[in-house]
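Report on the structure given below.
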Amino acid sequence: RKRYRVFCFAATAQRECELLTTAMFLSRMTRPLRRAAETAAAAGAIPSKLKLNFAVPHEQVFRDAEVDQVLVPGRAGMFGVLPGHVPTIAELSPGVVSVFNGDTRDNFFISSGFAFVHAECADICAVEAVKIADLDPSAVSKGVEEFQQKVASAQNDEEKALAEAGLEVYTAMQSAVDEYGKN
């Protein structure tokens, strides 16, 4: 028993020493990055506006537009992007992209895509994007019903997966129409 306790103590002490050494190494290695971040923040390097690029395959919705904020429907949930945002890459879910500039707010429904965010700009690449005001509520309701029927009548896994994907998009579109209406 005594040997076991000595071994455990020695192993614990060695592990603590390794952790301390790793912490000191990381502290030394990140010191220049911390200084650069502190200098940039002190110098007011965070821009006052966010440059937005928002595109779908057939058109550029926004190109180098200066905006105040963008709300994006990420797979992990909605997130806001302001100037100075931490660099992020996010997969987008069906939902609403809201672009804020001054007192105006433009709402677009997107089916899916990706967002690439940097401190000074955000690039949103969507498969499809439509202004919510341009959506026809009755056509959206019909789409929900159609895909509910397709899910129920699917003959195999492939048909069911495609129907469920369509239902996810139309359900999100229905929520967007209900929440934002013709605004």
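In the structure tokens, chains take letters A, B, ... by order of appearance, with residues numbered from 1 within each chain and ligands from 1 in the order shown.
With only C-alpha atoms taken into account, the protein and nucleic acid residues at most 12 Å from A:Asp134 (excluding it and anything under 2 positions from it in its own chain) are Asp106, Asn107, Phe108, Phe109, Ala129, Val130, Lys131, Ile132, Asp136, Pro137, Ala139, Val140, Met173, Ala176, Val177, Tyr180, Gly181, Lys182 and Asn183 of chain A.
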* To do: Go through A:Ala165, A:Val151, A:Ala126, A:Ala133 one by one, measure the shortest atom-to-atom distance of each to A:Val61 using only C-alpha atoms, and give the residue with the smallest value.
  => A:Ala126
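Put simply, atom CA of A:Val67 is 15.7 Å away from atom CA of A:Phe116.
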* To do: Could you jot down the atom CA of A:Asp103 to atom CA of A:Gly77 separation for me, Å, one decimal place?
  => 24.6 Å
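Closest approach to A:Gly84 among A:Thr104, A:Gln69, A:Ser153, A:Ser98: A:Gln69, based on only C-alpha atoms.
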Show me, as a PDB file with N, CA and C atoms, in the first residue's frame, the residues that have an atom within 9 Å of A:Ala172 when counting only C-alpha atoms, minus same-chain residues fewer than 6 positions from it.
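So the final result, stored in around.pdb, reads:
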```
ATOM      1  N   SER A  93     -29.270  27.198 -41.504  1.00  0.00           N
ATOM      2  CA  SER A  93     -30.514  26.434 -41.560  1.00  0.00           C
ATOM      3  C   SER A  93     -31.566  27.235 -42.319  1.00  0.00           C
ATOM      4  N   PRO A  94     -32.631  26.581 -42.734  1.00  0.00           N
ATOM      5  CA  PRO A  94     -33.735  27.352 -43.304  1.00  0.00           C
ATOM      6  C   PRO A  94     -34.230  28.354 -42.265  1.00  0.00           C
ATOM      7  N   GLY A  95     -34.353  29.606 -42.660  1.00  0.00           N
ATOM      8  CA  GLY A  95     -34.792  30.633 -41.717  1.00  0.00           C
ATOM      9  C   GLY A  95     -34.614  32.020 -42.283  1.00  0.00           C
ATOM     10  N   VAL A  96     -34.630  32.993 -41.398  1.00  0.00           N
ATOM     11  CA  VAL A  96     -34.623  34.405 -41.790  1.00  0.00           C
ATOM     12  C   VAL A  96     -33.265  35.037 -41.530  1.00  0.00           C
ATOM     13  N   PHE A 109     -35.840  35.194 -46.477  1.00  0.00           N
ATOM     14  CA  PHE A 109     -35.908  33.780 -46.124  1.00  0.00           C
ATOM     15  C   PHE A 109     -34.848  33.064 -46.947  1.00  0.00           C
ATOM     16  N   SER A 111     -33.029  29.107 -47.728  1.00  0.00           N
ATOM     17  CA  SER A 111     -33.279  27.675 -47.585  1.00  0.00           C
ATOM     18  C   SER A 111     -32.121  26.972 -46.888  1.00  0.00           C
TER      19      SER A 111
END
```
